[in-house]
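Next comes target03.csv, with CSV, C-alpha atoms and all ligand atoms.
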chain,number,residue,atom,x,y,z
A,1,MET,CA,8.4,-16.5,-22.2
A,2,THR,CA,8.1,-15.8,-18.5
A,3,LEU,CA,9.3,-18.2,-15.8
A,4,ILE,CA,8.2,-17.8,-12.2
A,5,LEU,CA,9.2,-19.9,-9.1
A,6,GLY,CA,6.4,-20.1,-6.6
A,7,ILE,CA,6.8,-21.0,-2.9
A,8,GLU,CA,4.0,-22.0,-0.5
A,9,THR,CA,4.4,-22.6,3.2
A,10,SER,CA,1.1,-21.4,4.7
A,11,CYS,CA,0.1,-24.5,6.6
A,12,ASP,CA,1.5,-28.1,6.6
A,13,GLU,CA,2.7,-28.4,3.0
A,14,THR,CA,6.2,-27.1,2.0
A,15,ALA,CA,5.8,-26.6,-1.8
A,16,ALA,CA,7.7,-25.1,-4.7
A,17,ALA,CA,6.8,-25.0,-8.4
A,18,VAL,CA,8.0,-23.4,-11.6
A,19,VAL,CA,5.3,-22.1,-14.0
A,20,ARG,CA,5.7,-20.8,-17.5
A,21,ASP,CA,3.6,-17.9,-18.7
A,22,GLY,CA,1.2,-18.3,-15.8
A,23,ARG,CA,-0.3,-21.4,-17.2
A,24,VAL,CA,2.1,-24.3,-17.9
A,25,VAL,CA,3.3,-26.1,-14.9
A,26,LEU,CA,6.9,-27.3,-15.4
A,27,SER,CA,7.2,-28.7,-11.8
A,28,ASN,CA,5.0,-28.9,-8.8
A,29,VAL,CA,6.8,-30.3,-5.7
A,30,ILE,CA,4.9,-30.8,-2.5
A,31,ALA,CA,6.5,-32.1,0.8
A,32,SER,CA,3.5,-32.9,3.0
A,33,GLN,CA,4.0,-32.9,6.8
A,34,HIS,CA,0.9,-35.0,7.6
A,35,GLU,CA,2.9,-37.7,9.3
A,36,LEU,CA,4.4,-35.1,11.7
A,37,HIS,CA,1.0,-33.9,12.9
A,38,GLU,CA,-1.0,-37.1,12.7
A,39,GLU,CA,-0.6,-38.0,16.4
A,40,TYR,CA,-2.0,-34.6,17.5
A,41,GLY,CA,-5.1,-34.8,15.2
A,42,GLY,CA,-4.4,-31.4,13.7
A,43,VAL,CA,-1.5,-29.1,12.6
A,44,VAL,CA,0.8,-28.0,15.4
A,45,PRO,CA,2.1,-24.5,14.3
A,46,GLU,CA,5.6,-24.7,15.8
A,47,LEU,CA,6.2,-28.2,14.3
A,48,ALA,CA,5.0,-26.9,10.9
A,49,SER,CA,7.4,-23.9,11.0
A,50,ARG,CA,10.4,-26.0,11.8
A,51,ALA,CA,9.6,-28.6,9.2
A,52,HIS,CA,9.3,-25.8,6.6
A,53,LEU,CA,12.7,-24.5,7.5
A,54,GLU,CA,14.3,-28.0,7.0
A,55,ARG,CA,12.5,-28.7,3.8
A,56,LEU,CA,12.2,-25.4,1.9
A,57,LEU,CA,15.6,-25.4,0.1
A,58,PRO,CA,15.5,-29.1,-0.9
A,59,VAL,CA,12.0,-28.6,-2.2
A,60,VAL,CA,13.0,-25.5,-4.2
A,61,ARG,CA,16.0,-27.3,-5.6
A,62,ALA,CA,13.8,-30.3,-6.6
A,63,ALA,CA,11.3,-27.9,-8.3
A,64,MET,CA,14.1,-26.2,-10.3
A,65,ARG,CA,15.6,-29.5,-11.3
A,66,GLU,CA,12.3,-31.1,-12.3
A,67,ALA,CA,11.5,-28.0,-14.4
A,68,GLY,CA,15.0,-28.1,-16.0
A,69,ALA,CA,15.3,-24.4,-15.3
A,70,GLY,CA,18.3,-22.4,-14.2
A,71,TYR,CA,18.1,-19.8,-11.5
A,72,GLY,CA,19.2,-17.2,-13.9
A,73,GLU,CA,16.2,-17.8,-16.1
A,74,LEU,CA,13.7,-16.8,-13.4
A,75,ASP,CA,11.7,-13.6,-14.0
A,76,ALA,CA,10.3,-13.5,-10.5
A,77,VAL,CA,10.0,-15.3,-7.2
A,78,ALA,CA,6.5,-15.6,-5.8
A,79,VAL,CA,5.4,-16.6,-2.4
A,80,GLY,CA,2.1,-17.1,-0.6
A,81,ASN,CA,2.3,-14.5,2.1
A,82,ARG,CA,-1.2,-14.6,3.5
A,83,PRO,CA,-3.4,-16.0,5.0
A,84,GLY,CA,-2.1,-18.9,7.1
A,85,LEU,CA,-0.1,-19.8,10.2
A,86,ILE,CA,2.2,-16.8,10.8
A,87,GLY,CA,5.3,-18.7,11.7
A,88,ALA,CA,4.9,-21.0,8.8
A,89,LEU,CA,4.3,-18.1,6.3
A,90,LEU,CA,7.4,-16.3,7.6
A,91,VAL,CA,9.7,-19.2,6.6
A,92,GLY,CA,8.4,-19.0,3.0
A,93,VAL,CA,8.5,-15.2,2.8
A,94,ALA,CA,12.1,-15.0,4.2
A,95,GLY,CA,13.2,-17.7,1.8
A,96,ALA,CA,11.6,-16.1,-1.2
A,97,LYS,CA,13.1,-12.7,-0.2
A,98,ALA,CA,16.6,-14.2,0.0
A,99,LEU,CA,16.2,-15.8,-3.4
A,100,ALA,CA,14.8,-12.8,-5.1
A,101,TRP,CA,17.4,-10.5,-3.6
A,102,SER,CA,20.3,-12.8,-4.6
A,103,LEU,CA,18.9,-13.3,-8.1
A,104,GLY,CA,17.9,-9.6,-8.6
A,105,THR,CA,14.4,-10.5,-9.6
A,106,PRO,CA,11.1,-9.0,-8.3
A,107,ILE,CA,9.4,-10.7,-5.4
A,108,ILE,CA,5.6,-11.1,-5.6
A,109,GLY,CA,3.4,-11.8,-2.6
A,110,VAL,CA,0.3,-13.8,-3.3
A,111,ASP,CA,-2.9,-14.3,-1.3
A,112,HIS,CA,-3.5,-18.0,-0.9
A,113,LEU,CA,-7.2,-17.8,-1.4
A,114,GLU,CA,-6.9,-15.8,-4.7
A,115,ALA,CA,-4.3,-18.4,-5.7
A,116,HIS,CA,-6.8,-21.3,-5.1
A,117,LEU,CA,-9.2,-19.6,-7.5
A,118,TYR,CA,-6.4,-19.4,-10.1
A,119,ALA,CA,-5.7,-23.2,-9.9
A,120,PRO,CA,-8.3,-24.1,-12.6
A,121,MET,CA,-6.1,-22.2,-15.1
A,122,LEU,CA,-3.1,-24.4,-14.6
A,123,SER,CA,-2.1,-27.4,-16.7
A,124,ARG,CA,0.9,-29.6,-17.3
A,125,ASP,CA,-0.1,-29.7,-21.0
A,126,PRO,CA,0.7,-26.5,-22.9
A,127,GLU,CA,-2.1,-27.2,-25.4
A,128,ALA,CA,-4.7,-27.5,-22.6
A,129,ALA,CA,-4.3,-24.1,-21.1
A,130,SER,CA,-7.4,-21.9,-21.9
A,131,ASP,CA,-8.8,-18.5,-20.9
A,132,ILE,CA,-11.6,-17.9,-18.5
A,133,ALA,CA,-14.9,-16.2,-19.5
A,134,TRP,CA,-15.3,-13.4,-17.0
A,135,PRO,CA,-17.1,-12.5,-14.8
A,136,ALA,CA,-17.0,-15.7,-12.7
A,137,LEU,CA,-18.7,-16.8,-9.6
A,138,GLY,CA,-15.8,-17.9,-7.5
A,139,LEU,CA,-16.0,-20.6,-4.7
A,140,VAL,CA,-13.2,-21.4,-2.4
A,141,VAL,CA,-13.7,-24.6,-0.4
A,142,SER,CA,-10.7,-25.4,1.8
A,143,GLY,CA,-9.6,-26.5,5.3
A,144,GLY,CA,-9.5,-22.8,6.5
A,145,HIS,CA,-12.1,-21.1,4.3
A,146,THR,CA,-15.4,-21.4,2.5
A,147,SER,CA,-16.1,-18.2,0.6
A,148,LEU,CA,-17.9,-16.9,-2.5
A,149,TYR,CA,-16.6,-14.1,-4.7
A,150,ARG,CA,-17.6,-12.1,-7.7
A,151,CYS,CA,-14.5,-12.3,-9.9
A,152,GLY,CA,-14.1,-9.7,-12.6
A,153,SER,CA,-10.7,-11.1,-13.4
A,154,ALA,CA,-8.1,-13.2,-11.6
A,155,LEU,CA,-7.1,-10.1,-9.7
A,156,GLU,CA,-10.5,-8.5,-9.1
A,157,LEU,CA,-12.3,-10.4,-6.4
A,158,THR,CA,-15.3,-9.0,-4.4
A,159,LYS,CA,-16.4,-11.2,-1.5
A,160,LEU,CA,-20.0,-12.1,-1.5
A,161,GLY,CA,-20.1,-14.4,1.5
A,162,GLY,CA,-18.1,-16.6,3.8
A,163,THR,CA,-18.4,-19.1,6.7
A,164,ILE,CA,-19.6,-17.8,10.0
A,165,ASP,CA,-18.1,-20.8,11.9
A,166,ASP,CA,-16.3,-23.8,10.5
A,167,ALA,CA,-14.9,-24.1,7.0
A,168,VAL,CA,-16.2,-27.0,5.0
A,169,GLY,CA,-12.9,-28.8,5.0
A,170,GLU,CA,-12.6,-28.3,8.7
A,171,ALA,CA,-16.0,-30.0,9.1
A,172,TYR,CA,-14.7,-32.9,7.0
A,173,ASP,CA,-11.7,-33.2,9.2
A,174,LYS,CA,-13.7,-33.1,12.4
A,175,VAL,CA,-16.1,-35.8,11.1
A,176,ALA,CA,-13.2,-38.0,10.2
A,177,ALA,CA,-11.6,-37.5,13.7
A,178,LEU,CA,-14.9,-38.3,15.3
A,179,LEU,CA,-15.1,-41.6,13.4
A,180,GLY,CA,-11.4,-42.4,14.1
A,181,LEU,CA,-10.4,-42.1,10.4
A,182,GLY,CA,-7.2,-40.0,10.9
A,183,HIS,CA,-6.0,-36.6,9.6
A,184,PRO,CA,-6.5,-35.0,7.2
A,185,GLY,CA,-10.0,-36.5,7.0
A,186,GLY,CA,-11.5,-35.1,3.8
A,187,PRO,CA,-10.2,-37.8,1.4
A,188,LYS,CA,-10.9,-40.6,3.9
A,189,VAL,CA,-14.6,-39.5,4.4
A,190,ASP,CA,-14.9,-39.1,0.6
A,191,ALA,CA,-13.6,-42.7,0.1
A,192,LEU,CA,-15.7,-44.3,2.8
A,193,ALA,CA,-18.8,-42.4,1.6
A,194,GLN,CA,-18.7,-44.4,-1.7
A,195,ALA,CA,-19.8,-47.5,0.2
A,196,GLY,CA,-22.5,-45.8,2.3
A,197,ASN,CA,-26.2,-44.9,2.0
A,198,ASP,CA,-26.4,-41.1,1.7
A,199,LYS,CA,-30.0,-41.2,2.9
A,200,ALA,CA,-29.3,-43.1,6.1
A,201,HIS,CA,-29.3,-39.9,8.1
A,202,GLU,CA,-31.2,-36.7,7.4
A,203,PHE,CA,-28.7,-34.0,8.5
A,204,PRO,CA,-29.7,-30.4,8.8
A,205,LEU,CA,-29.1,-27.7,6.2
A,206,SER,CA,-28.1,-24.3,7.5
A,207,ARG,CA,-30.0,-21.6,5.6
A,208,LEU,CA,-29.2,-18.6,7.7
A,209,GLU,CA,-31.1,-15.5,6.7
A,210,LYS,CA,-33.1,-15.6,3.5
A,211,ASP,CA,-30.7,-13.6,1.4
A,212,SER,CA,-27.5,-14.6,3.1
A,213,LEU,CA,-24.6,-15.9,1.0
A,214,ASN,CA,-22.7,-16.9,4.2
A,215,PHE,CA,-22.1,-20.5,5.1
A,216,SER,CA,-22.4,-22.4,8.4
A,217,PHE,CA,-21.2,-25.9,9.1
A,218,SER,CA,-21.3,-26.2,12.9
A,219,GLY,CA,-24.9,-27.4,13.1
A,220,LEU,CA,-24.2,-30.1,10.6
A,221,LYS,CA,-21.1,-31.1,12.6
A,222,THR,CA,-23.0,-31.4,15.8
A,223,ALA,CA,-25.7,-33.5,14.1
A,224,VAL,CA,-23.0,-35.8,12.9
A,225,LEU,CA,-21.6,-36.0,16.4
A,226,TYR,CA,-24.9,-37.1,17.9
A,227,ALA,CA,-25.5,-39.6,15.1
A,228,ALA,CA,-22.1,-41.1,15.7
A,229,ARG,CA,-22.0,-41.0,19.5
A,230,GLY,CA,-25.6,-40.9,20.5
A,231,GLN,CA,-27.6,-38.2,22.3
A,232,PRO,CA,-25.4,-37.3,25.3
A,233,GLU,CA,-26.5,-37.3,28.9
A,234,ARG,CA,-25.9,-34.0,30.7
A,235,PRO,CA,-26.3,-34.5,34.4
A,236,SER,CA,-26.1,-30.8,35.1
A,237,PRO,CA,-25.4,-27.7,33.0
A,238,SER,CA,-21.9,-27.3,34.5
A,239,GLU,CA,-20.8,-30.8,33.7
A,240,ALA,CA,-19.5,-32.0,30.3
A,241,PRO,CA,-22.0,-34.1,28.3
A,242,ARG,CA,-21.5,-37.9,28.7
A,243,PHE,CA,-21.7,-39.8,25.4
A,244,LEU,CA,-23.0,-43.3,25.2
A,245,ARG,CA,-20.3,-44.6,22.8
A,246,ASP,CA,-17.2,-43.6,20.8
A,247,GLY,CA,-17.7,-42.8,17.1
A,248,ALA,CA,-14.6,-44.9,16.3
A,249,ASP,CA,-16.3,-48.0,17.6
A,250,MET,CA,-19.0,-48.0,15.0
A,251,THR,CA,-19.0,-50.7,12.3
A,252,ASP,CA,-17.4,-49.8,9.0
A,253,ALA,CA,-20.9,-50.0,7.4
A,254,ALA,CA,-22.4,-47.5,9.9
A,255,LYS,CA,-19.4,-45.2,9.4
A,256,ALA,CA,-19.9,-45.3,5.7
A,257,ASP,CA,-23.5,-44.3,6.1
A,258,VAL,CA,-22.6,-41.4,8.3
A,259,CYS,CA,-19.9,-40.3,5.8
A,260,ALA,CA,-22.2,-40.5,2.8
A,261,SER,CA,-25.1,-38.7,4.5
A,262,PHE,CA,-22.7,-36.0,5.8
A,263,GLN,CA,-21.2,-35.5,2.4
A,264,ARG,CA,-24.7,-35.1,0.8
A,265,ALA,CA,-25.6,-32.4,3.4
A,266,ALA,CA,-22.2,-30.6,3.1
A,267,ALA,CA,-22.5,-30.5,-0.7
A,268,ARG,CA,-26.1,-29.4,-0.5
A,269,ASN,CA,-25.1,-26.6,1.8
A,270,VAL,CA,-22.6,-25.3,-0.7
A,271,MET,CA,-25.0,-25.7,-3.7
A,272,LEU,CA,-27.7,-23.8,-1.9
A,273,ARG,CA,-25.4,-20.7,-1.6
A,274,LEU,CA,-24.4,-21.0,-5.3
A,275,GLU,CA,-28.1,-21.0,-6.2
A,276,ARG,CA,-28.8,-18.0,-4.1
A,277,ALA,CA,-25.8,-16.1,-5.6
A,278,LEU,CA,-27.2,-16.7,-9.1
A,279,GLU,CA,-30.7,-15.7,-8.1
A,280,GLN,CA,-29.3,-12.4,-6.7
A,281,SER,CA,-27.4,-11.6,-9.9
A,282,PRO,CA,-29.4,-13.1,-12.8
A,283,GLY,CA,-27.4,-13.5,-16.0
A,284,GLU,CA,-24.3,-11.9,-14.6
A,285,PHE,CA,-21.9,-14.8,-14.4
A,286,ARG,CA,-20.4,-16.7,-17.3
A,287,THR,CA,-18.2,-19.1,-15.4
A,288,LEU,CA,-18.3,-21.0,-12.1
A,289,LEU,CA,-14.7,-21.0,-10.8
A,290,VAL,CA,-13.9,-23.4,-7.9
A,291,GLY,CA,-10.7,-24.0,-5.9
A,292,GLY,CA,-9.4,-25.3,-2.6
A,293,GLY,CA,-8.8,-28.8,-1.1
A,294,VAL,CA,-12.5,-29.7,-1.0
A,295,SER,CA,-12.8,-29.1,-4.7
A,296,ALA,CA,-11.1,-32.6,-4.9
A,297,ASN,CA,-14.3,-34.1,-3.3
A,298,SER,CA,-16.0,-36.5,-5.7
A,299,ARG,CA,-19.6,-35.6,-4.7
A,300,LEU,CA,-19.0,-31.9,-4.9
A,301,ARG,CA,-17.4,-32.2,-8.3
A,302,THR,CA,-20.4,-34.2,-9.6
A,303,GLU,CA,-22.9,-31.7,-8.2
A,304,LEU,CA,-21.0,-28.7,-9.5
A,305,ALA,CA,-21.0,-30.2,-13.0
A,306,THR,CA,-24.8,-30.8,-12.9
A,307,PHE,CA,-25.4,-27.3,-11.5
A,308,ALA,CA,-23.1,-25.5,-14.1
A,309,ALA,CA,-24.8,-27.4,-17.0
A,310,LYS,CA,-28.3,-26.5,-15.6
A,311,HIS,CA,-27.4,-22.8,-15.4
A,312,ARG,CA,-25.3,-22.7,-18.6
A,313,LEU,CA,-22.1,-21.7,-16.8
A,314,ALA,CA,-18.6,-22.8,-17.9
A,315,LEU,CA,-17.3,-24.9,-14.9
A,316,ARG,CA,-13.6,-24.5,-14.1
A,317,VAL,CA,-12.3,-26.8,-11.3
A,318,PRO,CA,-8.6,-27.5,-10.8
A,319,ALA,CA,-7.0,-30.7,-12.0
A,320,MET,CA,-6.7,-33.0,-9.0
A,321,GLU,CA,-3.0,-32.2,-8.4
A,322,PHE,CA,-3.8,-28.4,-8.1
A,323,CYS,CA,-6.8,-28.7,-5.7
A,324,LEU,CA,-4.8,-29.1,-2.5
A,325,ASP,CA,-2.2,-26.6,-1.3
A,326,ASN,CA,0.5,-26.2,-3.9
A,327,ALA,CA,3.0,-23.6,-5.2
A,328,ALA,CA,2.0,-23.8,-8.8
A,329,MET,CA,-1.1,-21.7,-8.1
A,330,ILE,CA,1.1,-19.2,-6.3
A,331,ALA,CA,3.5,-18.9,-9.3
A,332,GLY,CA,0.5,-18.8,-11.7
A,333,LEU,CA,-1.3,-16.0,-10.1
A,334,ALA,CA,2.0,-14.1,-9.7
A,335,HIS,CA,2.3,-14.0,-13.5
A,336,GLU,CA,-0.9,-11.9,-13.6
A,337,ARG,CA,0.5,-9.6,-11.0
A,338,LEU,CA,3.8,-9.3,-12.9
A,339,ILE,CA,2.2,-8.3,-16.2
A,340,ALA,CA,0.0,-5.9,-14.3
A,341,GLY,CA,3.1,-4.3,-12.8
A,342,ALA,CA,1.9,-5.2,-9.3
A,343,VAL,CA,5.1,-6.5,-7.8
A,344,ASP,CA,6.4,-6.2,-4.2
A,345,ASP,CA,9.7,-5.4,-2.7
A,346,LEU,CA,11.8,-6.7,0.2
A,347,THR,CA,9.5,-5.0,2.7
A,348,LEU,CA,6.9,-7.7,1.8
A,349,ALA,CA,5.3,-8.9,5.1
A,350,ALA,CA,3.5,-12.2,6.0
A,351,SER,CA,0.0,-11.9,7.5
A,352,PRO,CA,-2.3,-14.4,9.1
A,353,THR,CA,-5.4,-12.9,7.5
A,354,THR,CA,-6.6,-12.8,3.9
A,355,SER,CA,-6.7,-9.5,1.9
A,356,ARG,CA,-10.0,-10.8,0.5
B,401,LIG,O1,-6.8,-26.1,0.3
B,401,LIG,P1,-6.3,-27.0,1.3
B,401,LIG,O2,-5.2,-28.0,0.9
B,401,LIG,O3,-5.7,-26.3,2.6
B,401,LIG,C1,-6.3,-25.1,3.1
B,401,LIG,O4,-6.0,-24.0,2.4
B,401,LIG,O5,-7.0,-25.2,4.1
B,401,LIG,O6,-7.5,-27.8,1.9
B,401,LIG,C2,-7.4,-28.9,2.8
B,401,LIG,C3,-8.7,-29.4,3.2
B,401,LIG,C4,-8.7,-30.4,4.3
B,401,LIG,O7,-9.7,-30.0,5.2
B,401,LIG,C5,-9.0,-31.7,3.7
B,401,LIG,O8,-9.6,-32.6,4.5
B,401,LIG,C6,-9.9,-31.3,2.5
B,401,LIG,O9,-9.3,-30.1,2.0
B,401,LIG,N1,-10.0,-32.3,1.5
B,401,LIG,C7,-11.1,-32.9,1.1
B,401,LIG,C8,-10.8,-33.8,0.1
B,401,LIG,N2,-9.4,-33.7,-0.1
B,401,LIG,C9,-9.0,-32.8,0.7
B,401,LIG,N3,-12.4,-32.8,1.6
B,401,LIG,C10,-13.3,-33.5,1.0
B,401,LIG,N4,-13.1,-34.5,0.1
B,401,LIG,C11,-11.8,-34.6,-0.4
B,401,LIG,N5,-11.6,-35.5,-1.4
B,402,ZN,ZN,-5.3,-23.9,0.8
As structure tokens, how would this structure be written, given the file I've shared?
Amino acid sequence: MTLILGIETSCDETAAAVVRDGRVVLSNVIASQHELHEEYGGVVPELASRAHLERLLPVVRAAMREAGAGYGELDAVAVGNRPGLIGALLVGVAGAKALAWSLGTPIIGVDHLEAHLYAPMLSRDPEAASDIAWPALGLVVSGGHTSLYRCGSALELTKLGGTIDDAVGEAYDKVAALLGLGHPGGPKVDALAQAGNDKAHEFPLSRLEKDSLNFSFSGLKTAVLYAARGQPERPSPSEAPRFLRDGADMTDAAKADVCASFQRAAARNVMLRLERALEQSPGEFRTLLVGGGVSANSRLRTELATFAAKHRLALRVPAMEFCLDNAAMIAGLAHERLIAGAVDDLTLAASPTTSR
């Protein structure tokens, strides 16, 4: 039996988790800082770092307590060391190093994006854990990234495409801000969309070049802006556009229609890339592997299920508690690294960019 403590501090969640044998989640503690950043409409890096510093040890203690594990039983300490806000990452990396050093265990740095794609393998129930049929087409849909990978295993990722502007979660958050729904906006747009007409607006799909597996969401975001605030007047090119109204003043029914139509277009954008990826490598993939905060989206989950069934792919999406940023995915993937002998040492550095 292998026990790994995972730590995650890349953005605005301070998280720690204990995972057994890379699969069974014994604890998954997440202290979210949403209330701290709410009034700014987005994450303020300095506030995030300070909050991580205050919360890291209590969160680690809670994860160990909940797992019923002793520090002496840990086989490794894992930490998300990239990508993310550098000051926020540094808190987790420094904390993980101190723990690993004092316990005499290996330290394992994990790429946050790779970890999101590992999340479908995690379960609270020891009976439910099952293997993945490789190779998989991997899709990361989060607040910072929208990327496609060919995955030969949990550790062998080759990037096929990524967003050239906004990430899909970022587009969700901006649409929510535009409609005055608060931050983070994804879950709020998702909820409001349930009451809306998804055909009320015909928002554009970005196709980019014919064979491109890249994504773009900025055109969609601008179309939503105009639908919500009206076509702006621009008295002269040097002046800022003047909008007729504020998106937050729309009726709830009108907002619901915008949310539903946006969500249809956002999901379609993603599905188009998945279709292209399959066309370019016919018969290659056995599994569709999905992770990241937007994999919690109800519409995307439904469309992914239909798509996977049509193309005879096994669909692996994370359980809801492992979609958003968490440390269980960090500890889980670290187990793969541990058995592959790919551990780090105390020179482990944090980095704002992904290795993928
Ligand atoms: O993976 P994550 O927790 O953080 C990053 O690595 O970025 O993803 C956060 C993103 C946010 O943009 C949030 O609005 C979005 O995931 N999100 C959703 C839903 N739940 C969270 N987007 C759409 N529908 C949801 N239900
Ligand atoms: Zn994430």
Kindly compile the residues surrounding ligand ZN 402 (chain B) within 10 Å, counting only C-alpha atoms and all ligand atoms, and format them as a PyMOL selection string. chain A and resi 8+10-13+83-84+112-116+140-145+169+291-294+323-326
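Using all atoms listed in the file, the shortest contact distance between Leu315 of chain A and any of A:Gly161, A:Pro120, A:Gly230, A:Gly332 is found at A:Pro120.
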I'd like the neighbourhood of Val91 of chain A as a PDB file with C-alpha atoms, keeping the file's coordinate frame, where a residue qualifies if any of its atoms comes within 9 Å (using only C-alpha atoms), though same-chain residues fewer than 6 positions away should be ignored.
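Printed below is selection.pdb as written:
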ATOM      1  CA  THR A   9       4.400 -22.600   3.200  1.00  0.00           C
ATOM      2  CA  SER A  49       7.400 -23.900  11.000  1.00  0.00           C
ATOM      3  CA  ARG A  50      10.400 -26.000  11.800  1.00  0.00           C
ATOM      4  CA  HIS A  52       9.300 -25.800   6.600  1.00  0.00           C
ATOM      5  CA  LEU A  53      12.700 -24.500   7.500  1.00  0.00           C
ATOM      6  CA  LEU A  56      12.200 -25.400   1.900  1.00  0.00           C
TER       7      LEU A  56
END
Pick from A:Asp125, A:Asp75, A:Glu321, A:Glu66: nearest to Val24 of chain A, with all atoms listed in the file counted?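 Under the stated criterion, the closest residue is A:Asp125.
Using all atoms listed in the file, the nearest neighbour of Gly42 of chain A within the list A:Ala328, A:Val270, A:Ala223, A:Ala177 is A:Ala177.
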Please list, as a PyMOL selection string, the residues that have an atom at most 10 Å away from (-11.2, -30.1, -11.5) in the coordinates of this file, counting all atoms listed in the file. chain A and resi 119-120+289-291+295-298+301+305+315-323
Determine, for each residue of segment 150-267 of chain A having at least one atom at most 7 Å from an atom of segment 134-139 of chain A, the closest pair of atoms and their separation in Å to one decimal, counting all atoms listed in the file; order by chain and ascending number, as a Markdown table.
| residue | atom | partner | partner_atom | distance |
| --- | --- | --- | --- | --- |
| A:Arg150 | CA | A:Leu137 | CA | 5.2 |
| A:Cys151 | CA | A:Ala136 | CA | 5.1 |
| A:Gly152 | CA | A:Pro135 | CA | 4.7 |
| A:Ser153 | CA | A:Trp134 | CA | 6.3 |
Written selection (C-alpha atoms) as a PDB file, in the frame of the given file:
ATOM      1  CA  ARG A 150     -17.600 -12.100  -7.700  1.00  0.00           C
ATOM      2  CA  CYS A 151     -14.500 -12.300  -9.900  1.00  0.00           C
ATOM      3  CA  GLY A 152     -14.100  -9.700 -12.600  1.00  0.00           C
ATOM      4  CA  SER A 153     -10.700 -11.100 -13.400  1.00  0.00           C
TER       5      SER A 153
END
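Considering the residues A:Ser281, A:Ser123, A:Ser355, A:Ser32 and counting all atoms listed in the file, ligand LIG 401 (chain B) has its shortest atom-to-atom contact with A:Ser32.
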Check the smallest atom-to-atom distance from each of A:Ala67, A:Val29, A:Leu85, A:Leu99 to ligand LIG 401 (chain B) using only C-alpha atoms and all ligand atoms, then report the winner. A:Leu85
Any idea what the distance is between atom CA of Leu338 of chain A and atom CA of Ala69 of chain A? 19.1 Å
Among the residues A:Val18, A:Ala193, A:Ala342, A:Ile164, the one that comes closest to Val60 of chain A [using only C-alpha atoms]: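 Of A:Val18, A:Ala193, A:Ala342, A:Ile164, the one nearest Val60 of chain A is A:Val18, counting only C-alpha atoms.
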Enter the distance from atom CA of Ala227 of chain A to atom CA of Pro204 of chain A, in Å, rounded to one decimal.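 Separation between atom CA of Ala227 of chain A and atom CA of Pro204 of chain A: 11.9 Å.
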List the spatial neighbours of segment 233-248 of chain A as number ranges by chain - criterion: any atom at most 9 Å away, only C-alpha atoms, same-chain residues fewer than 2 positions off excluded. A: 177-181, 225-231, 250-251, 255
Mind dumping the selected residues with C-alpha atoms as a short mmCIF file (atom, residue, chain, number, x, y, z; two decimals), in the coordinates of the input?
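And here is the file that came out, result_27.cif:
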data_model
loop_
_atom_site.label_atom_id
_atom_site.label_comp_id
_atom_site.auth_asym_id
_atom_site.auth_seq_id
_atom_site.Cartn_x
_atom_site.Cartn_y
_atom_site.Cartn_z
CA ALA A 177 -11.60 -37.50 13.70
CA LEU A 178 -14.90 -38.30 15.30
CA LEU A 179 -15.10 -41.60 13.40
CA GLY A 180 -11.40 -42.40 14.10
CA LEU A 181 -10.40 -42.10 10.40
CA LEU A 225 -21.60 -36.00 16.40
CA TYR A 226 -24.90 -37.10 17.90
CA ALA A 227 -25.50 -39.60 15.10
CA ALA A 228 -22.10 -41.10 15.70
CA ARG A 229 -22.00 -41.00 19.50
CA GLY A 230 -25.60 -40.90 20.50
CA GLN A 231 -27.60 -38.20 22.30
CA MET A 250 -19.00 -48.00 15.00
CA THR A 251 -19.00 -50.70 12.30
CA LYS A 255 -19.40 -45.20 9.40
#
Go ahead and compute the interatomic distance for atom C5 of ligand LIG 401 (chain B) and atom CA of Asp166 of chain A, in Å to one decimal.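 Result for atom C5 of ligand LIG 401 (chain B) versus atom CA of Asp166 of chain A: 12.7 Å, one decimal.
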Fewer than 3 positions away in the same chain doesn't count, so skip those; otherwise give me all residues within 10 Å of Leu272 of chain A, counting only C-alpha atoms, as an MDAnalysis selection string. chainID A and resid 205:207 213 215 267:269 275:277
What's around Lys97 of chain A at 7 Å? Count all atoms listed in the file, leave out sequence neighbours fewer than 4 positions away in its own chain, and write the answer as a PyMOL selection string. chain A and resi 93+101+107+346
At a cut-off of 10 Å around the point (2.7, -36.3, 7.0) (file coordinates), what residues fall inside when counting only C-alpha atoms? I'd like the answer as a list in words. Asp12, Glu13, Ala31, Ser32, Gln33, His34, Glu35, Leu36, His37, Glu38, His183 and Pro184 of chain A
Near Ala96 of chain A, counting all atoms listed in the file, which residues have an atom at most 7 Å away, once you skip same-chain residues fewer than 2 positions from it, shown as number ranges by chain? A: 77-79, 92-94, 98-100
